file upload.cif (mmCIF, C-alpha atoms)
data_input
loop_
_atom_site.group_PDB
_atom_site.id
_atom_site.type_symbol
_atom_site.label_atom_id
_atom_site.label_comp_id
_atom_site.auth_asym_id
_atom_site.auth_seq_id
_atom_site.Cartn_x
_atom_site.Cartn_y
_atom_site.Cartn_z
ATOM 1 C CA MET A 1 95.627 117.096 154.783
ATOM 2 C CA LEU A 2 97.051 120.500 153.943
ATOM 3 C CA SER A 3 95.631 123.245 156.171
ATOM 4 C CA ILE A 4 95.985 126.900 155.207
ATOM 5 C CA ALA A 5 94.146 129.491 157.297
ATOM 6 C CA ASP A 6 90.629 128.053 157.734
ATOM 7 C CA ARG A 7 90.675 125.654 154.775
ATOM 8 C CA THR A 8 91.915 122.110 154.315
ATOM 9 C CA PHE A 9 92.941 120.432 151.086
ATOM 10 C CA ARG A 10 93.622 116.834 150.113
ATOM 11 C CA SER A 11 96.155 117.733 147.436
ATOM 12 C CA ARG A 12 99.509 119.279 148.284
ATOM 13 C CA LEU A 13 100.130 120.315 144.689
ATOM 14 C CA LEU A 14 99.114 123.822 143.652
ATOM 15 C CA VAL A 15 99.173 124.549 139.939
ATOM 16 C CA GLY A 16 99.508 127.702 137.884
ATOM 17 C CA THR A 17 97.298 128.312 134.876
ATOM 18 C CA GLY A 18 99.740 130.288 132.716
ATOM 19 C CA LYS A 19 101.611 129.350 129.548
ATOM 20 C CA PHE A 20 99.358 126.475 128.419
ATOM 21 C CA SER A 21 98.994 126.072 124.660
ATOM 22 C CA SER A 22 95.194 126.173 124.936
ATOM 23 C CA SER A 23 92.476 126.555 127.534
ATOM 24 C CA ALA A 24 91.342 122.991 126.923
ATOM 25 C CA MET A 25 94.869 121.733 127.606
ATOM 26 C CA MET A 26 95.017 123.769 130.801
ATOM 27 C CA VAL A 27 91.733 122.327 132.072
ATOM 28 C CA ALA A 28 92.793 118.759 131.253
ATOM 29 C CA ALA A 29 96.195 119.163 132.920
ATOM 30 C CA ILE A 30 94.716 120.698 136.064
ATOM 31 C CA GLU A 31 92.255 117.825 136.282
ATOM 32 C CA ALA A 32 95.103 115.335 135.958
ATOM 33 C CA SER A 33 97.057 117.133 138.683
ATOM 34 C CA ALA A 34 94.188 116.551 141.188
ATOM 35 C CA SER A 35 95.059 119.996 142.507
ATOM 36 C CA GLU A 36 92.471 121.980 144.444
ATOM 37 C CA ILE A 37 94.204 125.365 144.346
ATOM 38 C CA VAL A 38 94.957 127.169 141.084
ATOM 39 C CA THR A 39 96.700 130.481 140.624
ATOM 40 C CA VAL A 40 95.463 133.126 138.211
ATOM 41 C CA ALA A 41 96.702 136.569 137.190
ATOM 42 C CA LEU A 42 94.840 139.826 136.565
ATOM 43 C CA ARG A 43 95.232 141.587 133.237
ATOM 44 C CA ARG A 44 93.521 144.240 131.149
ATOM 45 C CA ILE A 45 91.016 142.802 128.680
ATOM 46 C CA ASP A 46 92.154 143.120 125.089
ATOM 47 C CA LEU A 47 89.071 144.675 123.518
ATOM 48 C CA GLU A 48 90.140 143.553 120.037
ATOM 49 C CA ASP A 49 90.544 139.944 121.140
ATOM 50 C CA PRO A 50 89.001 139.165 124.546
ATOM 51 C CA GLY A 51 89.919 135.460 124.287
ATOM 52 C CA ASP A 52 88.638 132.722 126.599
ATOM 53 C CA ASP A 53 87.332 133.592 130.031
ATOM 54 C CA ILE A 54 89.273 131.461 132.507
ATOM 55 C CA MET A 55 86.525 131.808 135.094
ATOM 56 C CA SER A 56 84.127 130.009 132.786
ATOM 57 C CA MET A 57 86.601 127.183 132.160
ATOM 58 C CA LEU A 58 87.318 126.221 135.776
ATOM 59 C CA SER A 59 84.631 125.766 138.393
ATOM 60 C CA ARG A 60 84.904 127.766 141.578
ATOM 61 C CA ASP A 61 83.134 124.979 143.432
ATOM 62 C CA ARG A 62 85.944 122.648 142.581
ATOM 63 C CA TYR A 63 89.010 124.879 142.762
ATOM 64 C CA LEU A 64 90.148 127.598 145.098
ATOM 65 C CA PHE A 65 91.234 130.475 142.895
ATOM 66 C CA LEU A 66 94.414 132.040 144.173
ATOM 67 C CA PRO A 67 94.864 135.367 142.388
ATOM 68 C CA ASN A 68 98.452 136.544 142.129
ATOM 69 C CA THR A 69 99.783 140.070 141.936
ATOM 70 C CA SER A 70 102.237 139.270 139.152
ATOM 71 C CA GLY A 71 103.407 142.378 137.373
ATOM 72 C CA ALA A 72 103.480 144.444 140.564
ATOM 73 C CA ARG A 73 106.816 146.217 141.013
ATOM 74 C CA ASP A 74 106.201 147.651 144.458
ATOM 75 C CA ALA A 75 103.838 147.364 147.424
ATOM 76 C CA ASP A 76 101.431 150.007 146.103
ATOM 77 C CA GLU A 77 100.924 148.201 142.805
ATOM 78 C CA ALA A 78 100.493 144.879 144.591
ATOM 79 C CA VAL A 79 97.887 146.336 146.949
ATOM 80 C CA ARG A 80 96.008 147.829 143.999
ATOM 81 C CA LEU A 81 95.993 144.466 142.177
ATOM 82 C CA ALA A 82 94.905 142.659 145.342
ATOM 83 C CA ARG A 83 91.919 144.953 145.813
ATOM 84 C CA MET A 84 90.940 144.416 142.167
ATOM 85 C CA ALA A 85 91.165 140.671 142.641
ATOM 86 C CA ARG A 86 88.844 140.890 145.618
ATOM 87 C CA ALA A 87 86.421 143.156 143.723
ATOM 88 C CA SER A 88 86.263 140.619 140.927
ATOM 89 C CA GLY A 89 84.959 138.032 143.325
ATOM 90 C CA GLY A 90 88.328 136.415 143.804
ATOM 91 C CA GLY A 91 87.764 136.263 147.541
ATOM 92 C CA GLU A 92 90.349 137.052 150.189
ATOM 93 C CA TRP A 93 93.000 134.565 149.065
ATOM 94 C CA LEU A 94 96.069 136.092 147.494
ATOM 95 C CA LYS A 95 99.454 135.008 146.242
ATOM 96 C CA LEU A 96 101.453 138.172 146.783
ATOM 97 C CA GLU A 97 104.210 138.735 144.223
ATOM 98 C CA VAL A 98 106.337 141.856 144.058
ATOM 99 C CA THR A 99 109.020 141.497 141.404
ATOM 100 C CA PRO A 100 110.704 144.749 140.379
ATOM 101 C CA ASP A 101 113.414 143.213 138.183
ATOM 102 C CA PRO A 102 112.099 141.563 134.993
ATOM 103 C CA ARG A 103 115.418 139.828 134.386
ATOM 104 C CA THR A 104 115.471 137.783 137.609
ATOM 105 C CA LEU A 105 111.828 138.106 138.704
ATOM 106 C CA LEU A 106 113.175 137.862 142.240
ATOM 107 C CA PRO A 107 110.806 139.140 144.918
ATOM 108 C CA ASP A 108 111.507 142.455 146.640
ATOM 109 C CA PRO A 109 111.656 141.562 150.354
ATOM 110 C CA VAL A 110 111.009 145.061 151.691
ATOM 111 C CA GLU A 111 107.995 145.780 149.471
ATOM 112 C CA THR A 112 106.653 142.249 149.999
ATOM 113 C CA LEU A 113 106.750 142.661 153.776
ATOM 114 C CA LYS A 114 105.081 146.071 153.516
ATOM 115 C CA ALA A 115 102.297 144.796 151.247
ATOM 116 C CA THR A 116 101.735 141.692 153.391
ATOM 117 C CA GLU A 117 101.177 143.833 156.458
ATOM 118 C CA ILE A 118 98.732 146.172 154.668
ATOM 119 C CA LEU A 119 96.743 143.379 153.012
ATOM 120 C CA ALA A 120 96.597 141.086 156.050
ATOM 121 C CA ALA A 121 95.161 144.018 158.018
ATOM 122 C CA GLU A 122 92.506 144.386 155.288
ATOM 123 C CA GLY A 123 91.472 140.773 155.783
ATOM 124 C CA PHE A 124 93.314 139.184 152.881
ATOM 125 C CA LYS A 125 94.708 135.692 153.309
ATOM 126 C CA VAL A 126 98.168 136.567 152.074
ATOM 127 C CA MET A 127 100.597 133.951 150.787
ATOM 128 C CA PRO A 128 103.739 135.857 149.856
ATOM 129 C CA TYR A 129 106.177 134.685 147.199
ATOM 130 C CA MET A 130 109.577 135.227 148.796
ATOM 131 C CA ASN A 131 113.226 134.472 148.457
ATOM 132 C CA ALA A 132 114.294 131.526 150.603
ATOM 133 C CA ASP A 133 115.234 133.710 153.563
ATOM 134 C CA PRO A 134 114.436 132.192 156.979
ATOM 135 C CA ILE A 135 114.421 135.544 158.771
ATOM 136 C CA LEU A 136 112.059 137.075 156.222
ATOM 137 C CA ALA A 137 109.741 134.058 156.556
ATOM 138 C CA LEU A 138 109.406 134.773 160.272
ATOM 139 C CA ARG A 139 108.839 138.469 159.645
ATOM 140 C CA LEU A 140 106.120 137.684 157.090
ATOM 141 C CA GLN A 141 104.275 135.305 159.392
ATOM 142 C CA ASP A 142 104.530 137.873 162.185
ATOM 143 C CA VAL A 143 102.701 140.480 160.082
ATOM 144 C CA GLY A 144 99.933 138.047 159.175
ATOM 145 C CA ALA A 145 100.905 135.866 156.203
ATOM 146 C CA VAL A 146 98.807 132.655 156.265
ATOM 147 C CA ALA A 147 101.550 130.728 154.433
ATOM 148 C CA VAL A 148 104.969 131.525 152.991
ATOM 149 C CA MET A 149 106.063 130.645 149.467
ATOM 150 C CA PRO A 150 109.841 130.513 149.220
ATOM 151 C CA LEU A 151 111.340 129.930 145.791
ATOM 152 C CA GLY A 152 113.212 126.750 144.935
ATOM 153 C CA ALA A 153 114.824 128.690 142.085
ATOM 154 C CA PRO A 154 113.792 131.783 140.086
ATOM 155 C CA ILE A 155 110.477 131.625 138.193
ATOM 156 C CA GLY A 156 110.513 129.529 135.052
ATOM 157 C CA THR A 157 114.140 128.395 135.386
ATOM 158 C CA ASN A 158 113.470 124.663 135.995
ATOM 159 C CA LEU A 159 116.583 124.593 138.205
ATOM 160 C CA GLY A 160 114.955 122.770 141.118
ATOM 161 C CA MET A 161 115.775 123.090 144.804
ATOM 162 C CA ILE A 162 118.854 125.278 144.630
ATOM 163 C CA THR A 163 117.771 126.977 147.867
ATOM 164 C CA ARG A 164 117.265 123.663 149.633
ATOM 165 C CA PHE A 165 119.244 124.331 152.805
ATOM 166 C CA GLN A 166 117.617 127.707 153.385
ATOM 167 C CA ILE A 167 114.196 126.149 152.852
ATOM 168 C CA GLU A 168 115.003 123.457 155.413
ATOM 169 C CA ILE A 169 115.558 126.192 157.991
ATOM 170 C CA ILE A 170 112.335 127.929 156.981
ATOM 171 C CA ILE A 171 110.399 124.665 157.397
ATOM 172 C CA GLU A 172 111.982 124.023 160.769
ATOM 173 C CA GLN A 173 111.044 127.475 162.089
ATOM 174 C CA ALA A 174 107.751 128.391 160.422
ATOM 175 C CA ARG A 175 104.409 128.197 162.209
ATOM 176 C CA VAL A 176 102.531 128.705 158.928
ATOM 177 C CA PRO A 177 102.550 126.296 155.954
ATOM 178 C CA VAL A 178 105.609 126.440 153.697
ATOM 179 C CA ILE A 179 104.787 126.115 150.001
ATOM 180 C CA VAL A 180 107.779 125.869 147.693
ATOM 181 C CA ASP A 181 107.041 128.004 144.677
ATOM 182 C CA ALA A 182 108.920 128.576 141.463
ATOM 183 C CA GLY A 183 111.779 126.889 139.691
ATOM 184 C CA LEU A 184 110.636 123.290 140.169
ATOM 185 C CA GLY A 185 111.315 121.826 136.746
ATOM 186 C CA ALA A 186 110.882 118.084 137.299
ATOM 187 C CA PRO A 187 108.783 115.796 139.489
ATOM 188 C CA SER A 188 111.990 114.823 141.333
ATOM 189 C CA HIS A 189 112.390 118.477 142.391
ATOM 190 C CA ALA A 190 108.861 118.490 143.794
ATOM 191 C CA ALA A 191 109.511 115.199 145.577
ATOM 192 C CA GLU A 192 112.688 116.651 147.090
ATOM 193 C CA ALA A 193 110.790 119.657 148.444
ATOM 194 C CA MET A 194 108.164 117.376 149.966
ATOM 195 C CA GLU A 195 110.754 114.985 151.406
ATOM 196 C CA ILE A 196 112.339 117.785 153.422
ATOM 197 C CA GLY A 197 108.927 118.644 154.877
ATOM 198 C CA ALA A 198 107.444 121.355 152.683
ATOM 199 C CA ASP A 199 103.667 121.471 153.180
ATOM 200 C CA ALA A 200 103.013 121.859 149.460
ATOM 201 C CA VAL A 201 104.546 122.953 146.156
ATOM 202 C CA LEU A 202 103.338 125.192 143.350
ATOM 203 C CA VAL A 203 104.160 124.240 139.766
ATOM 204 C CA ASN A 204 103.261 126.011 136.566
ATOM 205 C CA THR A 205 105.887 126.179 133.802
ATOM 206 C CA ALA A 206 107.120 122.589 134.093
ATOM 207 C CA ILE A 207 103.598 121.272 133.508
ATOM 208 C CA ALA A 208 102.347 123.895 131.062
ATOM 209 C CA VAL A 209 105.225 123.683 128.584
ATOM 210 C CA ALA A 210 105.761 119.917 128.737
ATOM 211 C CA GLY A 211 105.290 117.955 125.522
ATOM 212 C CA ASP A 212 102.366 116.233 127.237
ATOM 213 C CA PRO A 213 101.112 118.547 129.998
ATOM 214 C CA VAL A 214 98.405 116.133 131.176
ATOM 215 C CA ARG A 215 100.865 113.343 131.788
ATOM 216 C CA MET A 216 103.374 115.712 133.355
ATOM 217 C CA ALA A 217 100.671 116.975 135.716
ATOM 218 C CA ARG A 218 100.038 113.406 136.822
ATOM 219 C CA ALA A 219 103.775 112.833 137.244
ATOM 220 C CA PHE A 220 104.009 115.855 139.547
ATOM 221 C CA ALA A 221 100.963 114.710 141.513
ATOM 222 C CA MET A 222 102.581 111.314 142.122
ATOM 223 C CA ALA A 223 105.913 112.897 143.035
ATOM 224 C CA VAL A 224 104.273 115.188 145.578
ATOM 225 C CA GLU A 225 102.470 112.254 147.175
ATOM 226 C CA ALA A 226 105.627 110.144 147.182
ATOM 227 C CA GLY A 227 107.657 112.930 148.746
ATOM 228 C CA ARG A 228 105.067 113.568 151.435
ATOM 229 C CA ASP A 229 104.765 109.855 152.268
ATOM 230 C CA ALA A 230 108.548 109.665 152.556
ATOM 231 C CA PHE A 231 108.680 112.684 154.855
ATOM 232 C CA GLU A 232 105.930 111.363 157.100
ATOM 233 C CA SER A 233 107.511 107.920 157.164
ATOM 234 C CA GLY A 234 110.816 109.332 158.413
ATOM 235 C CA LEU A 235 113.877 109.276 156.175
ATOM 236 C CA GLY A 236 117.132 107.759 157.375
ATOM 237 C CA ARG A 237 120.141 109.897 158.197
ATOM 238 C CA LYS A 238 122.838 110.396 155.593
ATOM 239 C CA GLN A 239 126.338 109.230 156.503
ATOM 240 C CA ILE A 240 129.631 108.617 154.785
ATOM 241 C CA GLU A 241 130.529 105.123 155.990
ATOM 242 C CA ALA A 242 128.603 102.072 154.860
ATOM 243 C CA VAL A 243 126.156 100.233 157.112
ATOM 244 C CA ALA A 244 125.399 96.666 156.021
ATOM 245 C CA SER A 245 121.817 95.889 155.033
ATOM 246 C CA SER A 246 122.366 92.106 155.256
ATOM 247 C CA PRO A 247 123.116 90.386 158.584
ATOM 248 C CA THR A 248 126.786 90.455 159.509
ATOM 249 C CA THR A 249 126.455 87.283 161.568
ATOM 250 C CA GLY A 250 125.770 83.703 160.486
ATOM 251 C CA LEU A 251 128.700 83.590 158.093
ATOM 252 C CA ASP A 252 130.673 80.955 160.063
ATOM 253 C CA PHE A 253 130.015 78.324 157.412
ATOM 254 C CA LEU A 254 132.271 80.229 155.020
ATOM 255 C CA LYS A 255 135.285 79.640 157.230
ATOM 256 C CA MET B 1 86.250 154.409 122.297
ATOM 257 C CA GLU B 2 82.931 156.021 121.409
ATOM 258 C CA ILE B 3 79.849 154.899 123.287
ATOM 259 C CA GLN B 4 76.284 156.165 123.322
ATOM 260 C CA SER B 5 75.475 158.710 125.996
ATOM 261 C CA GLY B 6 73.713 157.170 128.957
ATOM 262 C CA THR B 7 75.601 153.873 128.673
ATOM 263 C CA THR B 8 76.101 152.131 131.994
ATOM 264 C CA ILE B 9 79.078 149.969 132.853
ATOM 265 C CA GLU B 10 76.809 146.950 132.613
ATOM 266 C CA GLY B 11 75.752 148.036 129.139
ATOM 267 C CA LEU B 12 79.351 148.491 128.093
ATOM 268 C CA ILE B 13 80.356 145.024 129.328
ATOM 269 C CA LEU B 14 77.359 143.237 127.839
ATOM 270 C CA GLY B 15 77.845 145.136 124.580
ATOM 271 C CA MET B 16 81.271 143.581 124.320
ATOM 272 C CA ASP B 17 79.956 140.075 124.964
ATOM 273 C CA LEU B 18 81.737 139.839 128.305
ATOM 274 C CA ASN B 19 80.378 138.365 131.531
ATOM 275 C CA PRO B 20 79.855 141.117 134.148
ATOM 276 C CA ASP B 21 80.437 138.559 136.909
ATOM 277 C CA THR B 22 84.051 138.031 135.863
ATOM 278 C CA VAL B 23 85.090 141.555 134.908
ATOM 279 C CA VAL B 24 86.623 144.086 137.291
ATOM 280 C CA VAL B 25 86.031 147.702 136.390
ATOM 281 C CA GLU B 26 88.130 150.660 137.370
ATOM 282 C CA CYS B 27 86.582 154.003 136.466
ATOM 283 C CA ASP B 28 88.900 157.007 136.796
ATOM 284 C CA GLY B 29 91.161 155.018 139.114
ATOM 285 C CA GLN B 30 88.400 153.805 141.436
ATOM 286 C CA ILE B 31 87.155 150.224 141.578
ATOM 287 C CA VAL B 32 83.439 150.065 140.792
ATOM 288 C CA LEU B 33 81.523 147.533 142.878
ATOM 289 C CA ARG B 34 79.669 144.912 140.872
ATOM 290 C CA GLU B 35 76.324 145.946 142.384
ATOM 291 C CA GLU B 36 76.872 149.395 140.829
ATOM 292 C CA TYR B 37 77.435 148.234 137.241
ATOM 293 C CA GLY B 38 73.774 148.757 136.296
ATOM 294 C CA ASN B 39 73.572 152.251 137.800
ATOM 295 C CA HIS B 40 76.974 153.653 136.979
ATOM 296 C CA VAL B 41 76.559 155.845 133.877
ATOM 297 C CA LEU B 42 79.738 156.637 131.989
ATOM 298 C CA ASN B 43 80.540 160.293 131.353
ATOM 299 C CA THR B 44 82.428 161.886 128.477
ATOM 300 C CA GLY B 45 86.125 161.522 129.155
ATOM 301 C CA SER B 46 85.713 158.704 131.702
ATOM 302 C CA ARG B 47 88.796 156.548 131.880
ATOM 303 C CA VAL B 48 87.602 152.968 132.133
ATOM 304 C CA GLU B 49 89.782 149.921 132.706
ATOM 305 C CA LEU B 50 88.306 146.445 132.194
ATOM 306 C CA ILE B 51 90.323 143.770 133.907
ATOM 307 C CA ARG B 52 89.841 140.071 134.463
ATOM 308 C CA PHE B 53 91.564 136.879 135.485
ATOM 309 C CA VAL B 54 93.851 135.213 132.984
ATOM 310 C CA GLY B 55 96.196 132.245 133.198
ATOM 311 C CA GLY B 56 99.125 132.879 135.536
ATOM 312 C CA GLY B 57 101.508 131.187 137.921
#

call {"tool": "encode", "arguments": {"input": "upload.cif", "output": "C-alpha cells"}}
result
Amino acid sequence: MLSIADRTFRSRLLVGTGKFSSSAMMVAAIEASASEIVTVALRRIDLEDPGDDIMSMLSRDRYLFLPNTSGARDADEAVRLARMARASGGGEWLKLEVTPDPRTLLPDPVETLKATEILAAEGFKVMPYMNADPILALRLQDVGAVAVMPLGAPIGTNLGMITRFQIEIIIEQARVPVIVDAGLGAPSHAAEAMEIGADAVLVNTAIAVAGDPVRMARAFAMAVEAGRDAFESGLGRKQIEAVASSPTTGLDFLK
Amino acid sequence: MEIQSGTTIEGLILGMDLNPDTVVVECDGQIVLREEYGNHVLNTGSRVELIRFVGGG
C-alpha cells in the first residue's frame, strides 16, 4: 500500500488528466490505469466555449483529485493558485509546481521551497514537483512536504529516468514518499523507477498521447506493479564477471 | 460583459449554465467563498474571474 500523509492507496500509479483527445478517452484511460489519484489544473473558464466540466466526468468518491499549480512562475502565483484550488473544493492536497522557464519547464527550487513552507503552514498537503536534487528533497520534507516529486526527465520529454542516480539517493534518504514525476515515456521507465524503490510514479503525456491511451494506461499499471514487486523481492547486485546459473559440479562424466 | 443590476455570483454562474459547485470565483482579486455566491451582488466595474479544474498533469 502507498501511504501519503493520512491516506493509503492500492495503486502506485498517479495519472494526469491533460492532453487527452476527448473527455471520454480520458475517463476510459484513467479507469484502465486503476489509479486512485489524478492531477488536475486550474484555468479561467472560456465564456465563449466552457467545454466539459472535468469534475462531472470523474467521481470524487473514487479518485483523489490532486490539483496542480501549473502555470505558476513564482511562489506568490503558486500560493494564489493553491488557495483557489482549496476554495473550489479541491481539498488540502496539492501538487506544487513552480516553473518559470517555459522552454524547460524545470522547477524553480528557491520558489518551490518558499511556497512549500507557506502552504504546509496553511494546512495544505504539499507534494512539490522538484528537480532530482537530494539536498532539496530533504529541505522540502523539513518544511512540511508530505511527499516529494522529483523529475525523471523534463515534462513531456519521454526521456525516462535520466536522473536515476540522483533519485536513488533521494529514495535512500527521504522520510516521505518519493513519487517520480515527469518525463516517463514508456512503461519500462516506470518499471525502472519502481525497481529502484520509488513509492509511486506520475504519468500523463505518455498515456494521453498514445495511439491507444486505454491500452497504454494498462501497460503502465502493469509496469508499476512489476517494478514494485521486483523491488520488494530484492534485486540481485550487478557485477562485471559472470556467475554460472547451472551447477559447476557433476561434470566428471565429460572427462 | 453586461449583466443586469442586482445579479449575484450564483445568478451569473447559473446564467452561463455552469455548476456553482465546481467554479471558483475571484471578485476584485479576492476569492469568494461558495456559501457567499447567493448573497454576493456584483457591482458596476467588478472584476470577476471564473476559474475551474481542467485536465492537467

call {"tool": "resolve_selection", "arguments": {"input": "upload.cif", "expression": "the PyMOL selection byres ((chain A and resi 178) around 9)", "output": "count of residues only"}}
result
18

call {"tool": "interface_residues", "arguments": {"input": "upload.cif", "of": "chain B", "to": "chain A", "cutoff": "12 Å", "atoms": "only C-alpha atoms", "output": "PyMOL selection string"}}
result
chain B and resi 1+12-13+15-27+29-36+48-57

call {"tool": "residues_around", "arguments": {"input": "upload.cif", "residues": "Gly234 (chain A)", "least_positions_apart": "5", "cutoff": "12 Å", "atoms": "only C-alpha atoms", "output": "list in words"}}
result
Met194, Glu195, Ile196, Gly197, Gly227, Arg228 and Asp229 of chain A

call {"tool": "residues_near_point", "arguments": {"input": "upload.cif", "point": "(108.8, 114.8, 139.9)", "cutoff": "9 Å", "atoms": "only C-alpha atoms", "output": "list in words"}}
result
Leu184, Gly185, Ala186, Pro187, Ser188, His189, Ala190, Ala191, Glu192, Met216, Ala219, Phe220, Ala221, Met222, Ala223 and Val224 of chain A

call {"tool": "residues_around", "arguments": {"input": "upload.cif", "residues": "Leu42 (chain B)", "least_positions_apart": "3", "cutoff": "8 Å", "atoms": "all atoms listed in the file", "output": "count of residues only"}}
result
6

call {"tool": "atom_distance", "arguments": {"input": "upload.cif", "atom1": "CA of Ser22 (chain A)", "atom2": "CA of Ser35 (chain A)"}}
result
18.6 Å

call {"tool": "axis_aligned_box", "arguments": {"input": "upload.cif", "around": "region 194-211 of chain A", "padding_each_side": "4 Å", "output": "lines of an AutoDock Vina configuration file"}}
result
center_x = 107.3
center_y = 120.6
center_z = 140.2
size_x = 18.0
size_y = 19.2
size_z = 37.4

call {"tool": "atom_distance", "arguments": {"input": "upload.cif", "atom1": "CA of Glu111 (chain A)", "atom2": "CA of Ala153 (chain A)"}}
result
19.8 Å

call {"tool": "atom_distance", "arguments": {"input": "upload.cif", "atom1": "CA of Gln173 (chain A)", "atom2": "CA of Pro134 (chain A)"}}
result
7.7 Å
